[in-house]
Structures are given as structure tokens and as C-alpha cells.
Amino acid sequence: MKHWAGFPSMAIAWCLEYAGLRLADIEHVAVNQLSSAHLVRKGTYVLTHPGAHKLILGRIRNRQRRQGVQHLLEQAFPGETFKGARHAIEHHRAHLVSAFYVSPFREAAVVSVDGFGDFASAAWGMGSSGGVTIDDRVFFPHSLGIFYEALTQFLGFPHYGDEYKVMGLAPYGRTRFLNQMRRLVRLAPDGKFSLDLAYFNHQSGVSYQWENNAPVVGELFTPALEELLGPRRVPGDTLTERHHDIAHSVQAMYEEAFFHLLSRVRDLHPVPNIALAGGCAMNSVANGKIRRRTPYKRTYVQSAAGDAGGAIGAAFAVWHDQGGARRFVMDHAFWGPDFSQDDIARLLDASRAQIDDAGCSVQHFADETKLCKRTAEAIAAGKVVGWFQGRMEWGPRALGNRSIV
């Protein structure tokens, strides 16, 4: 399930089966979260912001309620015991490692931008033969990811991951609200950014539900945002020109802040390559402008750039810490399960009654050219086609192997 927030027991089971391993064979497990990271920052924030202790204590209680990795693994695999080492990797280090370590580059600037993780929303540095070094971060409560997510909610798209809808809506509008956006996001000379917190309430303890379902995030903006931009859009309401213009201005503001940061990173590390991670690295519109608007010649974004990809970042961080060398390049997204023609035939046979009841028929095309022609005709006729081939994509984007066209 896309954006699943529970313990990934089925994914782990598939990976073990594919590799021919059992739980007892695993020597290391890495998680992209380090609760002890930035404790001084967290403490200072609590002391200087009345009411912030409620937010921090709420997060601590949520983590305490979660079962430990070893217990969850042994619960998911009854009768097996995990005897390996457990490693907690700071969130943005995992992102940066996931961006660089599987890239084709020998050296590259590395940038991670997202909502939040381990009290930070962005980090940047350099990847080289010595590993990944981090120059600096943007810390809570300032976040480009929160800015984009809050405006996504404002535009009537309430679900986690709906930001792509705003990105898709943006080309239909104009930058009529860019001055208002610049009141929400402020750029600093050192490449960093900050939010005007009068318009956002994530620092006050917005609810986050992450266990065993799709993530649900509480409302991230305050009534002041409606005073600035006018009334919010209710989900299901007609999208008007005003909504198009707000979406366009949100995207423009994100790009302004994003390229402001990249300019600073380029000054620090004048190399031709850049690798990106974090949820904001899924903003393909901005990514597509990097070559045109910066001196970078090559850009790498791995397919699971968001928090799911923190798994590969945490794993490779431990691999590097244990002395492992770089040798794997993730040059495609198709790492999931696949199914044979025989598997599909058995499924169709088992579903024959449902297919007949629906008034449908099964056709087999031995010639791929005829299959593509029939698919094109269906699309041209306004029909919806589910396209299934090869191994499943890893990451939130449908890239042709599991796609609705």
C-alpha cells in the first residue's frame, strides 16, 4: 500500500525469501531514526517556546508506545530469533546516504529536504570516496516540506502525499500570490529558509497517526492563512482560477527557496554532480530545472527519495561504517515482486466466475505489437487501462510496471 505507516513485515518477508535468508541469518538491522539526535537543539527549543514541551512529550510517548525492532521482527516471524545488531541512523544522514551511495557519481553535492525527521527538515553536504559529510541543517520548526503540505491542505487536498496534485495544478495558474508566499517563507543569506510561524501550527502539537494505516496529519495552517489568501477550498469543491494561481505561487515559492539553497551548496562544493533525497526531492518539476538554473550538469534522485528510501540510506550508512565499499548503482526503480505468465493464468482461472459475472472476457495477445495497439485504441476511446509488467516499482511513482493509463 502506498504510504503505508505500519511495520513492513510483508516487505521484509519477501526480501528474505528472495535472498534465500532467514531472520537468524541477518547480522545488522538499521532504522532511519535516531531519537538522541540534536538533543541540545530540542532542549533549547523546549526552554524557549512555552507549550513546546507538550509537542516533544507527545512524540516521546508515541515512540515509547512503539514496540522495539527485535520484538516486531520476532512477532512477524514466529519461531525465529533475530540475533544481529541494531543501528539507529539519524534521519537526514540516511537520506543523504541514500542519495549518494547508490548514485553513479564518484563525488557529488548532496541535499535532503523534507517535512521533518529527527528535529531537522533539511541537510546538505558532500559525498565522496570518504563517505558523506554534512555541512549544515535547517531545524524545526522551519520546513519547506511543511510549507508545501500546509498549502496542499489549504487547497483542499487533505491526504498524506497529495502534494503531487498541487504540483500538477500549478501550470494552470499564474504567480498572482507570490508576494503572499514570500511572507510565509523567508530566505536567509546563508542559503537557509524559515517560516513565518503565525501561519503554521505544526509547532503546537498537530496530531500525527502513523501506526498500521496510511498516515493522517492534522491541520498544519492557522486561520491567519485564510486572512492572507482568502477562504480555504473544501475538498470536493470546484477548482477555480484562484486555486490555480495559489498552486502556481506555491510551486514558484518552493522553487525560489530550493534554488536559493542549491546556490549556497554549489558555493560550498563546486562539483558538477548533485544527488537529492527527502520527500521534497519528489518535486520533479523543480528537479527538471536544475540543469537550466544551476551549474550542475548531472542530477540523481533515487526512486524512493522519501522516507521509504531512508531504509536503503540507513542500510548503506551501516555498510559504510562497517568498512563496506561502494559497488551498487540503483539505476532503475524495479526492485519489487514479479509474477510469471503461469501465475497470472492461475489467477485468471481462479477469478473466472467474477470475470464472467462482470460481463468481461479474457484475451491473450502473443504478439506484443498487437497488445500495444489494442491498449492504445482503448486509451484513445477514453477507457482506463491497468498496465502490469515485470517487477514492481519501489517508490511512490508509477513508472510503467504498475500503472493506470
# chains A, B, ... in the order shown; residues from 1 in each chain; ligands from 1
>>> residues_around(residues="Val285 in chain A", least_positions_apart="3", cutoff="10 Å", atoms="only C-alpha atoms", output="VMD selection string")
chain A and resid 164 167 to 168 170 251 255 281 to 282 288 to 290
>>> write_last_selection(atoms="C-alpha atoms", output="mmCIF file, in the first residue's frame")
data_model
loop_
_atom_site.group_PDB
_atom_site.id
_atom_site.type_symbol
_atom_site.label_atom_id
_atom_site.label_comp_id
_atom_site.auth_asym_id
_atom_site.auth_seq_id
_atom_site.Cartn_x
_atom_site.Cartn_y
_atom_site.Cartn_z
ATOM 1 C CA TYR A 164 1.784 15.980 -6.341
ATOM 2 C CA MET A 167 2.451 20.370 -8.424
ATOM 3 C CA GLY A 168 0.188 19.166 -11.250
ATOM 4 C CA ALA A 170 0.399 24.713 -10.753
ATOM 5 C CA GLN A 251 5.327 25.892 -6.584
ATOM 6 C CA GLU A 255 11.476 26.615 -6.333
ATOM 7 C CA ALA A 281 13.084 15.537 -3.867
ATOM 8 C CA MET A 282 9.922 14.072 -5.415
ATOM 9 C CA GLY A 288 13.782 19.266 -14.064
ATOM 10 C CA LYS A 289 15.005 22.855 -13.857
ATOM 11 C CA ILE A 290 18.284 22.126 -12.035
#
>>> closest_atom_pairs(of="range 133-189 of chain A", to="range 375-398 of chain A", cutoff="12 Å", atoms="only C-alpha atoms", output="CSV")
residue,atom,partner,partner_atom,distance
A:Tyr160,CA,A:Pro396,CA,11.8
A:Gly161,CA,A:Pro396,CA,8.9
A:Asp162,CA,A:Pro396,CA,11.2
A:Glu163,CA,A:Pro396,CA,11.9
A:Tyr164,CA,A:Arg397,CA,10.1
>>> select_by_dssp(residues="range 8-208 of chain A", states="helix (DSSP H, G or I)", output="PyMOL selection string")
chain A and resi 9-19+23-25+39-48+52-65+69-76+91-100+144-154+163-172+178-184+197-199+202-204
>>> atom_distance(atom1="CA of His260 in chain A", atom2="CA of Ala99 in chain A")
19.9 Å
>>> closest_residue(among="A:Gly218, A:His243, A:Asn273, A:Ala37", to="Arg106 in chain A", atoms="only C-alpha atoms")
A:Asn273
>>> closest_atom_pairs(of="range 76-153 of chain A", to="range 326-333 of chain A", cutoff="12 Å", atoms="only C-alpha atoms", output="JSON lines")
{"residue": "A:Val97", "atom": "CA", "partner": "A:Arg326", "partner_atom": "CA", "distance": 11.3}
{"residue": "A:Ser98", "atom": "CA", "partner": "A:Met330", "partner_atom": "CA", "distance": 9.9}
{"residue": "A:Ala99", "atom": "CA", "partner": "A:Met330", "partner_atom": "CA", "distance": 9.9}
{"residue": "A:Phe100", "atom": "CA", "partner": "A:Val329", "partner_atom": "CA", "distance": 9.6}
{"residue": "A:Tyr101", "atom": "CA", "partner": "A:Arg326", "partner_atom": "CA", "distance": 6.7}
{"residue": "A:Val102", "atom": "CA", "partner": "A:Val329", "partner_atom": "CA", "distance": 4.6}
{"residue": "A:Ser103", "atom": "CA", "partner": "A:Val329", "partner_atom": "CA", "distance": 5.5}
{"residue": "A:Pro104", "atom": "CA", "partner": "A:Val329", "partner_atom": "CA", "distance": 5.8}
{"residue": "A:Phe105", "atom": "CA", "partner": "A:Val329", "partner_atom": "CA", "distance": 9.1}
{"residue": "A:Arg106", "atom": "CA", "partner": "A:Arg326", "partner_atom": "CA", "distance": 9.5}
{"residue": "A:Glu107", "atom": "CA", "partner": "A:Arg326", "partner_atom": "CA", "distance": 11.8}
{"residue": "A:Gly127", "atom": "CA", "partner": "A:Arg326", "partner_atom": "CA", "distance": 11.7}
{"residue": "A:Ser128", "atom": "CA", "partner": "A:Arg326", "partner_atom": "CA", "distance": 10.4}
{"residue": "A:Ser129", "atom": "CA", "partner": "A:Arg326", "partner_atom": "CA", "distance": 8.5}
{"residue": "A:Gly130", "atom": "CA", "partner": "A:Arg326", "partner_atom": "CA", "distance": 10.4}
{"residue": "A:Gly131", "atom": "CA", "partner": "A:Arg326", "partner_atom": "CA", "distance": 9.4}
>>> residues_around(residues="Leu144 in chain A", least_positions_apart="6", cutoff="12 Å", atoms="only C-alpha atoms", output="NGL selection string")
:A and (112-116 or 120-123 or 138 or 150-151 or 181 or 184-187 or 192-196 or 200 or 250-251 or 253-258 or 261 or 278-281 or 283)
>>> write_last_selection(atoms="C-alpha atoms", output="short mmCIF file (atom, residue, chain, number, x, y, z; two decimals), in the first residue's frame")
data_model
loop_
_atom_site.label_atom_id
_atom_site.label_comp_id
_atom_site.auth_asym_id
_atom_site.auth_seq_id
_atom_site.Cartn_x
_atom_site.Cartn_y
_atom_site.Cartn_z
CA SER A 112 17.97 16.38 1.65
CA VAL A 113 14.75 18.38 2.05
CA ASP A 114 11.53 17.09 3.62
CA GLY A 115 8.91 17.77 6.30
CA PHE A 116 10.82 16.74 9.40
CA ALA A 120 15.53 18.76 11.17
CA SER A 121 13.87 19.49 7.82
CA ALA A 122 16.89 19.81 5.54
CA ALA A 123 20.55 18.88 5.41
CA VAL A 138 17.60 23.59 8.84
CA ALA A 150 0.10 23.03 4.65
CA LEU A 151 -0.77 24.77 1.37
CA MET A 181 4.09 33.30 -0.36
CA LEU A 184 5.20 32.65 4.50
CA VAL A 185 8.77 31.62 3.56
CA ARG A 186 11.77 33.84 4.19
CA LEU A 187 15.20 33.28 2.66
CA LYS A 192 18.63 28.64 4.61
CA PHE A 193 14.91 29.36 4.85
CA SER A 194 12.43 29.98 7.65
CA LEU A 195 8.66 30.07 8.05
CA ASP A 196 6.51 32.86 9.45
CA PHE A 200 1.52 27.46 10.69
CA VAL A 250 3.20 27.69 -4.01
CA GLN A 251 5.33 25.89 -6.58
CA MET A 253 7.93 29.82 -3.84
CA TYR A 254 9.18 26.29 -3.31
CA GLU A 255 11.48 26.62 -6.33
CA GLU A 256 12.70 30.02 -5.15
CA ALA A 257 13.72 28.57 -1.78
CA PHE A 258 15.04 25.33 -3.28
CA LEU A 261 19.65 26.59 -1.08
CA GLY A 278 13.89 13.62 1.16
CA GLY A 279 10.20 13.87 0.32
CA CYS A 280 10.70 17.22 -1.42
CA ALA A 281 13.08 15.54 -3.87
CA ASN A 283 9.13 17.56 -6.78
#
>>> atom_distance(atom1="CA of Ala358 in chain A", atom2="CA of Gln341 in chain A")
22.9 Å
>>> closest_residue(among="A:Phe221, A:Trp335, A:Phe77, A:Trp319", to="Val29 in chain A", atoms="only C-alpha atoms")
A:Trp319
>>> atom_distance(atom1="CA of Ala214 in chain A", atom2="CA of Phe7 in chain A")
11.7 Å
